[in-house]
Amino acid sequence: MLRGLVQYRELVWALALKELRIRYKRSSLGFLWALLNPLLMMLILTAVFSTVMRIPVKNYAVFLISALLPWTFFSQALTYSAESIVGNGELLKKVAVPKAVFPVAAVISNSINFALSLIPLVLILLLLRFPFHLSWLWMPIPFIALVLFTMGCGFFFAAANVYYRDVSHIVQLLLSAWFYLSPVIYSLDFVPARFQPFFKLNPMLYLLNGFRDVIYYGALPSWHLVAASLLLGGVALLLGFGIFARYQDSFVFYV
Amino acid sequence: MFDSPGLEPSIIFESVEHRYRVILERRDTLREAFVHWFKKGSHYKEFTVLRDFSLMVFPGETVGIIGRNGSGKSTVLKLIAGIFLPAEGTIRVRGQVASLIELGAGFHPELTGRENIELNGLLLGLSKREIAEREQSIIEFAELGDFMDVPVKQYSSGMYMRLGFSIAVEVDPDVLLVDEILAVGDAYFREKCLSRISGFRERGKTIVVVSHDTGLIEQLCDRALWIESGGIAADGRPQDVIPRYLHAAAVPNAHSLVPR
C-alpha cells in the first residue's frame with residue numbers, strides 16, 4: 001500500500017496539479033486567483049479590524065491571518081479529501097489504482113494553494129510595515145504537523161463518505177463549529193480560566209499556535225508545542241489511514 | 001487443457017469464488033442507517049457471480065469470453081485487472097496489465113486530449129518519462145489532428161474511444177484486457193485496432209477479450225471461453241465453442257437473467 005503510493009507519486013502529483021488546473025481553468029485570470037483570492041480576503045480583514053472593529057490586540061489583522069491561513073488550508077483540504085473517493089467512484093470501478101492516491105492528491109493540491117497564499121501575506125505585512133522574523137524559516141515544522149493531521153482526518157472522512165453520504169454535510173457542520181472553538185479569531189488567553197482545560201483538548205490549539213508563533217510573535221514554537229503537534233499529526237494519520245486501509249477493498253461496491 | 005509446454009501461465013485462477021454485492025436499499029444516509037440498525041437486516045445481497053472458477057491462460061494466447069448478460073464475463077476481466085478482489089481462491093497475473101475495460105475512464109472532460117494523455121498514462125501505470133517517449137506515437141495512432149488540443153468534453157464518442165485506445169495500447173502491457181469497446185470506432189479505426197491487437201499476439205502477449213460479437217471473437221481469438229452461471233460451460237477453439245453457445249442461446253428460456 002505505502003509502496004504503491006511511492007510508485008504512484010507521479011500520479012499523485014499529476015492529480016494534485018489537475019485539481020488546481022481545473023479550479024482555475026475557465027477563468028480569464030487563471031492561476032492569479034490563487035493569489036488574488038487570499039489577498040483580497042486579507043485586505044478586507046485588515047480594513048475591517050483596523051478601522052471598523054478595533055480589537056485591543058496589537059496588529060490584530062496579522063494575529064488573525066497567521067492562524068486563519070492554516071485553518072483555511074485545513075478546512076479546504078478536508079472538504080476536498082472527504083469527497084475524493086466518492087468523486088472518483090467511476091474511475092475506481094474501471095482502473096486498478098491505489099485508492100489512497102485521491103485523498104493524498106487533495107491534500108497536496110491544497111498545500112500548494114497554502115504556499116501560494118504566503119505571497120499575498122508578505123504583501124500585506126509589507127503594507128502594514130509589520131516586521132519579518134527569521135522564525136518564518138520554522139514554518140515547515142507546524143506545516144508538516146498540520147498536513148499529517150489533515151491527511152489522517154481526510155482518510156477517515158473519505159472512507160466514511162463512501163458508506164454514508166451525509167458525511168460530507170457533517171464535515172461542513174463540524175468545520176464551522178470547530179472554527180469557532182479553535183484559537184483563530186482569539187487565542188487561549190481570551191478564554192476564561194475555568195474553560196481553558198476544555199480548549200486544551202482541541203488538537204487545533206497546538207497545530208495552529210505554531211503558525212501564530214512563527215508569523216505573529218516572531219518566536220520559535222516551544223519544543224513541547226512542536227512535539228505535541230507532530231504527535232497529534234502522526235496519531236491522526238495512523239488512525240485515519242488504518243481505517244481507510246481496512247475498508248478500501250469494498251469501496252468499489254458502494255461508490 | 002491446453003498444451004503450452006515450457007511456458008509459464010500469465011493468468012492463473014485457482015478455484016476462485018467472486019460474490020458481487022448488490023446494495024438493495026442503499027443506506028446512503030445516516031437516518032436510513034439508524035432505521036436498519038434496529039431492523040438488523042443486511043443491507044446488501046450477495047450474488048455469487050463465479051463459483052469454483054479455475055483458469056489458466058498462457059502468453060501468446062488470445063482468449064475470447066462469451067456468455068449471456070450477467071454471466072460474469074466482465075467480472076473475470078475486473079478480477080484479472082485487480083479492480084475486484086476474489087472472495088475465495090487465488091488469482092495470479094504475471095506482468096503488467098492494461099485494461100481497455102472502459103476507454104478513457106480517467107479522462108477529465110475539461111482537459112485537452114494532450115493533457116489527458118499524461119493523466120491517463122499515469123493511471124494505467126506508466127511513468128512520466130515513458131509517457132513522454134510514447135506521446136508522439138499515441139497522437140499519431142489516434143489521428144485526431146487539431147482535436148488533440150481541444151478539451152475532451154467536445155469529443156464525439158468515437159474520438160474519445162480513439163484516444164483511449166491509443167493510450168492503452170501504447171502502455172504495451174503483457175496482459176491486455178478488452179471489454180466490448182471496438183463498437184464505437186469507425187470501420188477504418190476498428191481495422192487498425194484489430195491489427196494492433198494481432199501484433200500483440202505475435203509478440204507473445206496475452207489478450208483477453210469480452211464481446212457479444214462472435215464474429216469478432218472468431219476472427220481475433222485462438223481460444224474461446226463460454227461462461228454460464230458462474231462457471232465455464234465450454235473452453236476450446238472458437239469454431240467449436242461458438243456454435244454450441246449460439247445453439248444454447250436459441251433455446252427460449254435460456255435468456256432469463258434470474259439465477260437458477
# chains A, B, ... in the order shown; residues from 1 in each chain; ligands from 1
call {"tool": "select_by_dssp", "arguments": {"residues": "range 4-253 of chain B", "states": "alpha helix (DSSP H)", "output": "MDAnalysis selection string"}}
result
chainID B and resid 30:39 73:81 113:123 128:142 157:170 187:202 214:220 238:249
call {"tool": "residues_around", "arguments": {"residues": "range 135-145 of chain B", "least_positions_apart": "2", "cutoff": "7 Å", "atoms": "only C-alpha atoms", "output": "JSON, numbers by chain"}}
result
{"B": [131, 132, 133, 147, 148, 162, 163, 166, 167, 170]}
call {"tool": "write_last_selection", "arguments": {"atoms": "C-alpha atoms", "output": "PDB file, in the first residue's frame"}}
result
ATOM      1  CA  ILE B 131       4.611   8.750 -21.441  1.00  0.00           C
ATOM      2  CA  ALA B 132       6.816  11.460 -22.904  1.00  0.00           C
ATOM      3  CA  GLU B 133       8.576   8.845 -25.052  1.00  0.00           C
ATOM      4  CA  PHE B 147      -8.505  17.973 -31.649  1.00  0.00           C
ATOM      5  CA  MET B 148      -5.511  16.976 -29.514  1.00  0.00           C
ATOM      6  CA  ARG B 162      -9.716   6.549 -30.352  1.00  0.00           C
ATOM      7  CA  LEU B 163      -7.669   8.448 -27.814  1.00  0.00           C
ATOM      8  CA  SER B 166      -4.244   4.683 -28.455  1.00  0.00           C
ATOM      9  CA  ILE B 167      -3.054   5.329 -24.901  1.00  0.00           C
ATOM     10  CA  GLU B 170       0.985   2.231 -26.020  1.00  0.00           C
TER      11      GLU B 170
END
call {"tool": "interface_residues", "arguments": {"of": "chain A", "to": "chain B", "cutoff": "6 Å", "atoms": "only C-alpha atoms", "output": "list in words"}}
result
Leu11, Leu91, Ala96, Tyr164, Arg165 and Asp166 of chain A
call {"tool": "write_last_selection", "arguments": {"atoms": "C-alpha atoms", "output": "PDB file, in the first residue's frame"}}
result
ATOM      1  CA  LEU A  11       0.216  10.167 -10.460  1.00  0.00           C
ATOM      2  CA  LEU A  91     -12.731   5.649 -12.070  1.00  0.00           C
ATOM      3  CA  ALA A  96      -6.927  -0.658 -10.593  1.00  0.00           C
ATOM      4  CA  TYR A 164     -22.826   7.395   4.353  1.00  0.00           C
ATOM      5  CA  ARG A 165     -23.187  10.300   2.001  1.00  0.00           C
ATOM      6  CA  ASP A 166     -24.297  12.523   4.893  1.00  0.00           C
TER       7      ASP A 166
END
call {"tool": "atom_distance", "arguments": {"atom1": "CA of Ser222 in chain A", "atom2": "CA of Ser66 in chain A"}}
result
17.0 Å
call {"tool": "closest_residue", "arguments": {"among": "B:Arg51, B:Arg114, B:Lys45, B:Arg134", "to": "Pro151 in chain B", "atoms": "only C-alpha atoms"}}
result
B:Arg114
call {"tool": "atom_distance", "arguments": {"atom1": "CA of Leu134 in chain A", "atom2": "CA of Phe211 in chain A"}}
result
13.2 Å
call {"tool": "select_by_dssp", "arguments": {"residues": "range 47-151 of chain B", "states": "strand (DSSP E)", "output": "list in words"}}
result
Phe47, Thr48, Val49, Leu50, Arg51, Asp52, Phe53, Ser54, Leu55, Met56, Val57, Thr62, Val63, Gly64, Ile65, Ile66, Glu88, Gly89, Thr90, Ile91, Arg92, Val93, Val97, Ala98, Ser99 and Leu100 of chain B
call {"tool": "residues_around", "arguments": {"residues": "Ile243 in chain A", "least_positions_apart": "2", "cutoff": "12 Å", "atoms": "only C-alpha atoms", "output": "ChimeraX atom specification"}}
result
/A:100,152-160,236-241,245-249
call {"tool": "write_last_selection", "arguments": {"atoms": "N, CA, C and O atoms", "output": "PDB file, in the first residue's frame"}}
result
ATOM      1  N   ALA A 100      -5.630   5.299  -2.105  1.00  0.00           N
ATOM      2  CA  ALA A 100      -5.118   6.385  -1.263  1.00  0.00           C
ATOM      3  C   ALA A 100      -4.608   7.565  -2.081  1.00  0.00           C
ATOM      4  O   ALA A 100      -4.469   8.663  -1.550  1.00  0.00           O
ATOM      5  N   GLY A 152      -4.778  12.486   7.958  1.00  0.00           N
ATOM      6  CA  GLY A 152      -5.446  11.497   8.802  1.00  0.00           C
ATOM      7  C   GLY A 152      -6.950  11.704   8.786  1.00  0.00           C
ATOM      8  O   GLY A 152      -7.722  10.772   8.544  1.00  0.00           O
ATOM      9  N   CYS A 153      -7.385  12.940   9.035  1.00  0.00           N
ATOM     10  CA  CYS A 153      -8.818  13.257   9.014  1.00  0.00           C
ATOM     11  C   CYS A 153      -9.388  12.997   7.617  1.00  0.00           C
ATOM     12  O   CYS A 153     -10.481  12.458   7.473  1.00  0.00           O
ATOM     13  N   GLY A 154      -8.624  13.376   6.590  1.00  0.00           N
ATOM     14  CA  GLY A 154      -9.088  13.209   5.212  1.00  0.00           C
ATOM     15  C   GLY A 154      -9.319  11.739   4.879  1.00  0.00           C
ATOM     16  O   GLY A 154     -10.340  11.382   4.296  1.00  0.00           O
ATOM     17  N   PHE A 155      -8.382  10.867   5.261  1.00  0.00           N
ATOM     18  CA  PHE A 155      -8.545   9.431   5.018  1.00  0.00           C
ATOM     19  C   PHE A 155      -9.815   8.930   5.694  1.00  0.00           C
ATOM     20  O   PHE A 155     -10.611   8.194   5.110  1.00  0.00           O
ATOM     21  N   PHE A 156      -9.999   9.341   6.958  1.00  0.00           N
ATOM     22  CA  PHE A 156     -11.158   8.851   7.703  1.00  0.00           C
ATOM     23  C   PHE A 156     -12.466   9.282   7.044  1.00  0.00           C
ATOM     24  O   PHE A 156     -13.350   8.462   6.776  1.00  0.00           O
ATOM     25  N   PHE A 157     -12.582  10.582   6.749  1.00  0.00           N
ATOM     26  CA  PHE A 157     -13.855  11.056   6.203  1.00  0.00           C
ATOM     27  C   PHE A 157     -14.074  10.599   4.768  1.00  0.00           C
ATOM     28  O   PHE A 157     -15.215  10.410   4.349  1.00  0.00           O
ATOM     29  N   ALA A 158     -12.993  10.418   4.006  1.00  0.00           N
ATOM     30  CA  ALA A 158     -13.142   9.904   2.642  1.00  0.00           C
ATOM     31  C   ALA A 158     -13.755   8.505   2.687  1.00  0.00           C
ATOM     32  O   ALA A 158     -14.653   8.175   1.914  1.00  0.00           O
ATOM     33  N   ALA A 159     -13.284   7.667   3.628  1.00  0.00           N
ATOM     34  CA  ALA A 159     -13.810   6.306   3.752  1.00  0.00           C
ATOM     35  C   ALA A 159     -15.248   6.346   4.257  1.00  0.00           C
ATOM     36  O   ALA A 159     -16.135   5.670   3.722  1.00  0.00           O
ATOM     37  N   ALA A 160     -15.504   7.160   5.284  1.00  0.00           N
ATOM     38  CA  ALA A 160     -16.853   7.217   5.856  1.00  0.00           C
ATOM     39  C   ALA A 160     -17.865   7.707   4.829  1.00  0.00           C
ATOM     40  O   ALA A 160     -19.001   7.215   4.765  1.00  0.00           O
ATOM     41  N   ALA A 236      -3.130  10.943  14.233  1.00  0.00           N
ATOM     42  CA  ALA A 236      -4.293  11.110  13.360  1.00  0.00           C
ATOM     43  C   ALA A 236      -4.083  10.372  12.048  1.00  0.00           C
ATOM     44  O   ALA A 236      -4.974   9.679  11.555  1.00  0.00           O
ATOM     45  N   LEU A 237      -2.861  10.477  11.493  1.00  0.00           N
ATOM     46  CA  LEU A 237      -2.591   9.816  10.219  1.00  0.00           C
ATOM     47  C   LEU A 237      -2.669   8.299  10.364  1.00  0.00           C
ATOM     48  O   LEU A 237      -3.278   7.614   9.535  1.00  0.00           O
ATOM     49  N   LEU A 238      -2.084   7.775  11.447  1.00  0.00           N
ATOM     50  CA  LEU A 238      -2.116   6.324  11.643  1.00  0.00           C
ATOM     51  C   LEU A 238      -3.550   5.815  11.769  1.00  0.00           C
ATOM     52  O   LEU A 238      -3.935   4.833  11.142  1.00  0.00           O
ATOM     53  N   LEU A 239      -4.351   6.520  12.585  1.00  0.00           N
ATOM     54  CA  LEU A 239      -5.732   6.096  12.782  1.00  0.00           C
ATOM     55  C   LEU A 239      -6.527   6.210  11.487  1.00  0.00           C
ATOM     56  O   LEU A 239      -7.199   5.270  11.062  1.00  0.00           O
ATOM     57  N   GLY A 240      -6.443   7.381  10.864  1.00  0.00           N
ATOM     58  CA  GLY A 240      -7.227   7.630   9.650  1.00  0.00           C
ATOM     59  C   GLY A 240      -6.849   6.659   8.551  1.00  0.00           C
ATOM     60  O   GLY A 240      -7.703   6.040   7.918  1.00  0.00           O
ATOM     61  N   PHE A 241      -5.546   6.477   8.354  1.00  0.00           N
ATOM     62  CA  PHE A 241      -5.100   5.586   7.290  1.00  0.00           C
ATOM     63  C   PHE A 241      -5.448   4.140   7.613  1.00  0.00           C
ATOM     64  O   PHE A 241      -5.826   3.361   6.734  1.00  0.00           O
ATOM     65  N   ALA A 245      -7.525   1.901   5.121  1.00  0.00           N
ATOM     66  CA  ALA A 245      -6.943   0.673   4.566  1.00  0.00           C
ATOM     67  C   ALA A 245      -7.814  -0.539   4.889  1.00  0.00           C
ATOM     68  O   ALA A 245      -7.933  -1.465   4.093  1.00  0.00           O
ATOM     69  N   ARG A 246      -8.451  -0.500   6.061  1.00  0.00           N
ATOM     70  CA  ARG A 246      -9.275  -1.618   6.496  1.00  0.00           C
ATOM     71  C   ARG A 246     -10.512  -1.789   5.588  1.00  0.00           C
ATOM     72  O   ARG A 246     -10.959  -2.897   5.345  1.00  0.00           O
ATOM     73  N   TYR A 247     -11.038  -0.678   5.088  1.00  0.00           N
ATOM     74  CA  TYR A 247     -12.287  -0.749   4.332  1.00  0.00           C
ATOM     75  C   TYR A 247     -12.122  -0.586   2.826  1.00  0.00           C
ATOM     76  O   TYR A 247     -13.085  -0.768   2.082  1.00  0.00           O
ATOM     77  N   GLN A 248     -10.920  -0.233   2.362  1.00  0.00           N
ATOM     78  CA  GLN A 248     -10.822   0.205   0.970  1.00  0.00           C
ATOM     79  C   GLN A 248     -11.196  -0.847  -0.062  1.00  0.00           C
ATOM     80  O   GLN A 248     -11.653  -0.501  -1.144  1.00  0.00           O
ATOM     81  N   ASP A 249     -11.035  -2.142   0.290  1.00  0.00           N
ATOM     82  CA  ASP A 249     -11.331  -3.161  -0.714  1.00  0.00           C
ATOM     83  C   ASP A 249     -12.808  -3.240  -1.078  1.00  0.00           C
ATOM     84  O   ASP A 249     -13.160  -3.769  -2.125  1.00  0.00           O
TER      85      ASP A 249
END
call {"tool": "atom_distance", "arguments": {"atom1": "CA of Pro243 in chain B", "atom2": "CA of Leu77 in chain B"}}
result
23.2 Å
call {"tool": "residues_around", "arguments": {"residues": "Lys192 in chain B", "least_positions_apart": "2", "cutoff": "12 Å", "atoms": "only C-alpha atoms", "output": "ChimeraX atom specification"}}
result
/B:141-143,162,165-166,169,182,185-190,194-199
call {"tool": "write_last_selection", "arguments": {"atoms": "N, CA, C and O atoms", "output": "CSV table (one decimal), in the first residue's frame"}}
result
chain,number,residue,atom,x,y,z
B,141,PHE,N,-1.3,7.5,-33.7
B,141,PHE,CA,-2.2,6.4,-33.8
B,141,PHE,C,-3.6,6.9,-33.7
B,141,PHE,O,-4.5,6.4,-34.4
B,142,ALA,N,-3.9,7.9,-32.9
B,142,ALA,CA,-5.3,8.3,-32.7
B,142,ALA,C,-5.8,9.1,-33.9
B,142,ALA,O,-7.0,9.2,-34.1
B,143,GLU,N,-4.8,9.8,-34.6
B,143,GLU,CA,-5.2,10.6,-35.8
B,143,GLU,C,-6.3,11.6,-35.5
B,143,GLU,O,-7.3,11.6,-36.1
B,162,ARG,N,-11.0,6.6,-29.6
B,162,ARG,CA,-9.7,6.5,-30.4
B,162,ARG,C,-8.6,6.9,-29.4
B,162,ARG,O,-7.5,6.2,-29.4
B,165,PHE,N,-8.0,4.2,-26.7
B,165,PHE,CA,-7.4,3.0,-27.2
B,165,PHE,C,-5.9,3.2,-27.5
B,165,PHE,O,-5.1,2.4,-27.2
B,166,SER,N,-5.6,4.4,-28.1
B,166,SER,CA,-4.2,4.7,-28.5
B,166,SER,C,-3.3,4.7,-27.2
B,166,SER,O,-2.2,4.2,-27.3
B,169,VAL,N,-3.0,0.9,-25.8
B,169,VAL,CA,-2.1,0.0,-26.5
B,169,VAL,C,-0.6,0.5,-26.3
B,169,VAL,O,0.3,-0.3,-26.4
B,182,LEU,N,-14.8,-2.0,-29.2
B,182,LEU,CA,-14.5,-1.6,-30.5
B,182,LEU,C,-15.7,-1.2,-31.3
B,182,LEU,O,-15.7,-0.7,-32.4
B,185,GLY,N,-15.9,2.6,-32.7
B,185,GLY,CA,-15.0,3.1,-33.7
B,185,GLY,C,-15.5,3.0,-35.1
B,185,GLY,O,-16.4,2.1,-35.4
B,186,ASP,N,-15.1,3.7,-36.1
B,186,ASP,CA,-15.5,3.5,-37.5
B,186,ASP,C,-14.7,2.3,-38.0
B,186,ASP,O,-13.8,1.8,-37.4
B,187,ALA,N,-15.1,1.9,-39.2
B,187,ALA,CA,-14.6,0.7,-39.8
B,187,ALA,C,-13.0,0.8,-39.9
B,187,ALA,O,-12.3,-0.2,-39.6
B,188,TYR,N,-12.6,2.0,-40.3
B,188,TYR,CA,-11.2,2.2,-40.6
B,188,TYR,C,-10.4,2.0,-39.3
B,188,TYR,O,-9.4,1.2,-39.2
B,189,PHE,N,-10.9,2.7,-38.2
B,189,PHE,CA,-10.1,2.6,-36.9
B,189,PHE,C,-10.2,1.2,-36.3
B,189,PHE,O,-9.3,0.7,-35.7
B,190,ARG,N,-11.3,0.6,-36.5
B,190,ARG,CA,-11.5,-0.7,-36.0
B,190,ARG,C,-10.5,-1.7,-36.6
B,190,ARG,O,-9.9,-2.5,-35.9
B,194,LEU,N,-7.7,-3.8,-34.6
B,194,LEU,CA,-7.6,-5.2,-34.7
B,194,LEU,C,-6.2,-5.7,-35.1
B,194,LEU,O,-5.6,-6.6,-34.6
B,195,SER,N,-5.6,-4.9,-36.0
B,195,SER,CA,-4.2,-5.3,-36.5
B,195,SER,C,-3.2,-5.0,-35.3
B,195,SER,O,-2.2,-5.8,-35.2
B,196,ARG,N,-3.5,-4.0,-34.6
B,196,ARG,CA,-2.6,-3.7,-33.4
B,196,ARG,C,-2.7,-4.9,-32.4
B,196,ARG,O,-1.7,-5.3,-31.8
B,197,ILE,N,-3.9,-5.3,-32.2
B,197,ILE,CA,-4.1,-6.4,-31.2
B,197,ILE,C,-3.5,-7.7,-31.7
B,197,ILE,O,-2.8,-8.4,-31.0
B,198,SER,N,-3.6,-7.9,-33.0
B,198,SER,CA,-2.9,-9.1,-33.6
B,198,SER,C,-1.4,-9.0,-33.4
B,198,SER,O,-0.7,-10.0,-33.2
B,199,GLY,N,-0.9,-7.8,-33.5
B,199,GLY,CA,0.6,-7.6,-33.3
B,199,GLY,C,1.0,-8.0,-31.9
B,199,GLY,O,2.0,-8.6,-31.7
call {"tool": "closest_residue", "arguments": {"among": "B:Ile65, B:Leu7, B:Ile91, B:Cys193", "to": "Val241 in chain B", "atoms": "only C-alpha atoms"}}
result
B:Ile65
call {"tool": "residues_around", "arguments": {"residues": "range 141-146 of chain A", "least_positions_apart": "3", "cutoff": "12 Å", "atoms": "only C-alpha atoms", "output": "JSON, numbers by chain"}}
result
{"A": [67, 69, 70, 71, 72, 73, 74, 75, 77, 78, 107, 108, 111, 112, 114, 115, 135, 136, 137, 138, 149, 150, 151, 152, 153, 154, 203, 204, 205, 206, 207, 208, 209, 210, 211, 212, 213, 214, 215, 220, 221, 222, 223, 225, 226, 227, 228, 229, 230, 231, 232, 233, 234, 235, 236, 237]}
call {"tool": "closest_residue", "arguments": {"among": "A:Arg194, A:Leu127, A:Val167, A:Ala105", "to": "Ala14 in chain A", "atoms": "only C-alpha atoms"}}
result
A:Ala105
call {"tool": "residues_around", "arguments": {"residues": "Val209 in chain B", "least_positions_apart": "5", "cutoff": "12 Å", "atoms": "only C-alpha atoms", "output": "ChimeraX atom specification"}}
result
/B:61-66,73-74,76-78,80,99-101,175-182,194,197,214,216-226
call {"tool": "decode", "arguments": {"residues": "range 151-169 of chain A", "atoms": "N, CA, C and O atoms", "output": "PDB file, in the first residue's frame"}}
result
ATOM      1  N   MET A 151      -4.289  14.875   6.632  1.00  0.00           N
ATOM      2  CA  MET A 151      -4.364  13.633   5.866  1.00  0.00           C
ATOM      3  C   MET A 151      -5.087  12.554   6.665  1.00  0.00           C
ATOM      4  O   MET A 151      -5.899  11.812   6.114  1.00  0.00           O
ATOM      5  N   GLY A 152      -4.778  12.486   7.958  1.00  0.00           N
ATOM      6  CA  GLY A 152      -5.446  11.497   8.802  1.00  0.00           C
ATOM      7  C   GLY A 152      -6.950  11.704   8.786  1.00  0.00           C
ATOM      8  O   GLY A 152      -7.722  10.772   8.544  1.00  0.00           O
ATOM      9  N   CYS A 153      -7.385  12.940   9.035  1.00  0.00           N
ATOM     10  CA  CYS A 153      -8.818  13.257   9.014  1.00  0.00           C
ATOM     11  C   CYS A 153      -9.388  12.997   7.617  1.00  0.00           C
ATOM     12  O   CYS A 153     -10.481  12.458   7.473  1.00  0.00           O
ATOM     13  N   GLY A 154      -8.624  13.376   6.590  1.00  0.00           N
ATOM     14  CA  GLY A 154      -9.088  13.209   5.212  1.00  0.00           C
ATOM     15  C   GLY A 154      -9.319  11.739   4.879  1.00  0.00           C
ATOM     16  O   GLY A 154     -10.340  11.382   4.296  1.00  0.00           O
ATOM     17  N   PHE A 155      -8.382  10.867   5.261  1.00  0.00           N
ATOM     18  CA  PHE A 155      -8.545   9.431   5.018  1.00  0.00           C
ATOM     19  C   PHE A 155      -9.815   8.930   5.694  1.00  0.00           C
ATOM     20  O   PHE A 155     -10.611   8.194   5.110  1.00  0.00           O
ATOM     21  N   PHE A 156      -9.999   9.341   6.958  1.00  0.00           N
ATOM     22  CA  PHE A 156     -11.158   8.851   7.703  1.00  0.00           C
ATOM     23  C   PHE A 156     -12.466   9.282   7.044  1.00  0.00           C
ATOM     24  O   PHE A 156     -13.350   8.462   6.776  1.00  0.00           O
ATOM     25  N   PHE A 157     -12.582  10.582   6.749  1.00  0.00           N
ATOM     26  CA  PHE A 157     -13.855  11.056   6.203  1.00  0.00           C
ATOM     27  C   PHE A 157     -14.074  10.599   4.768  1.00  0.00           C
ATOM     28  O   PHE A 157     -15.215  10.410   4.349  1.00  0.00           O
ATOM     29  N   ALA A 158     -12.993  10.418   4.006  1.00  0.00           N
ATOM     30  CA  ALA A 158     -13.142   9.904   2.642  1.00  0.00           C
ATOM     31  C   ALA A 158     -13.755   8.505   2.687  1.00  0.00           C
ATOM     32  O   ALA A 158     -14.653   8.175   1.914  1.00  0.00           O
ATOM     33  N   ALA A 159     -13.284   7.667   3.628  1.00  0.00           N
ATOM     34  CA  ALA A 159     -13.810   6.306   3.752  1.00  0.00           C
ATOM     35  C   ALA A 159     -15.248   6.346   4.257  1.00  0.00           C
ATOM     36  O   ALA A 159     -16.135   5.670   3.722  1.00  0.00           O
ATOM     37  N   ALA A 160     -15.504   7.160   5.284  1.00  0.00           N
ATOM     38  CA  ALA A 160     -16.853   7.217   5.856  1.00  0.00           C
ATOM     39  C   ALA A 160     -17.865   7.707   4.829  1.00  0.00           C
ATOM     40  O   ALA A 160     -19.001   7.215   4.765  1.00  0.00           O
ATOM     41  N   ASN A 161     -17.444   8.631   3.984  1.00  0.00           N
ATOM     42  CA  ASN A 161     -18.349   9.201   2.992  1.00  0.00           C
ATOM     43  C   ASN A 161     -18.797   8.174   1.956  1.00  0.00           C
ATOM     44  O   ASN A 161     -19.866   8.294   1.370  1.00  0.00           O
ATOM     45  N   VAL A 162     -17.974   7.139   1.754  1.00  0.00           N
ATOM     46  CA  VAL A 162     -18.341   6.096   0.808  1.00  0.00           C
ATOM     47  C   VAL A 162     -19.597   5.366   1.303  1.00  0.00           C
ATOM     48  O   VAL A 162     -20.479   5.033   0.528  1.00  0.00           O
ATOM     49  N   TYR A 163     -19.684   5.187   2.617  1.00  0.00           N
ATOM     50  CA  TYR A 163     -20.793   4.407   3.167  1.00  0.00           C
ATOM     51  C   TYR A 163     -21.990   5.274   3.521  1.00  0.00           C
ATOM     52  O   TYR A 163     -23.131   4.843   3.416  1.00  0.00           O
ATOM     53  N   TYR A 164     -21.736   6.488   3.991  1.00  0.00           N
ATOM     54  CA  TYR A 164     -22.826   7.395   4.353  1.00  0.00           C
ATOM     55  C   TYR A 164     -22.582   8.741   3.690  1.00  0.00           C
ATOM     56  O   TYR A 164     -21.658   9.459   4.064  1.00  0.00           O
ATOM     57  N   ARG A 165     -23.423   9.055   2.733  1.00  0.00           N
ATOM     58  CA  ARG A 165     -23.187  10.300   2.001  1.00  0.00           C
ATOM     59  C   ARG A 165     -23.472  11.548   2.841  1.00  0.00           C
ATOM     60  O   ARG A 165     -23.164  12.651   2.437  1.00  0.00           O
ATOM     61  N   ASP A 166     -24.078  11.359   4.023  1.00  0.00           N
ATOM     62  CA  ASP A 166     -24.297  12.523   4.893  1.00  0.00           C
ATOM     63  C   ASP A 166     -22.984  13.083   5.391  1.00  0.00           C
ATOM     64  O   ASP A 166     -22.932  14.211   5.873  1.00  0.00           O
ATOM     65  N   VAL A 167     -21.941  12.244   5.317  1.00  0.00           N
ATOM     66  CA  VAL A 167     -20.679  12.648   5.932  1.00  0.00           C
ATOM     67  C   VAL A 167     -20.187  13.977   5.379  1.00  0.00           C
ATOM     68  O   VAL A 167     -19.692  14.811   6.121  1.00  0.00           O
ATOM     69  N   SER A 168     -20.400  14.216   4.073  1.00  0.00           N
ATOM     70  CA  SER A 168     -19.884  15.479   3.534  1.00  0.00           C
ATOM     71  C   SER A 168     -20.606  16.677   4.156  1.00  0.00           C
ATOM     72  O   SER A 168     -20.007  17.726   4.354  1.00  0.00           O
ATOM     73  N   HIS A 169     -21.897  16.509   4.496  1.00  0.00           N
ATOM     74  CA  HIS A 169     -22.603  17.608   5.183  1.00  0.00           C
ATOM     75  C   HIS A 169     -22.111  17.747   6.618  1.00  0.00           C
ATOM     76  O   HIS A 169     -21.925  18.859   7.115  1.00  0.00           O
TER      77      HIS A 169
END
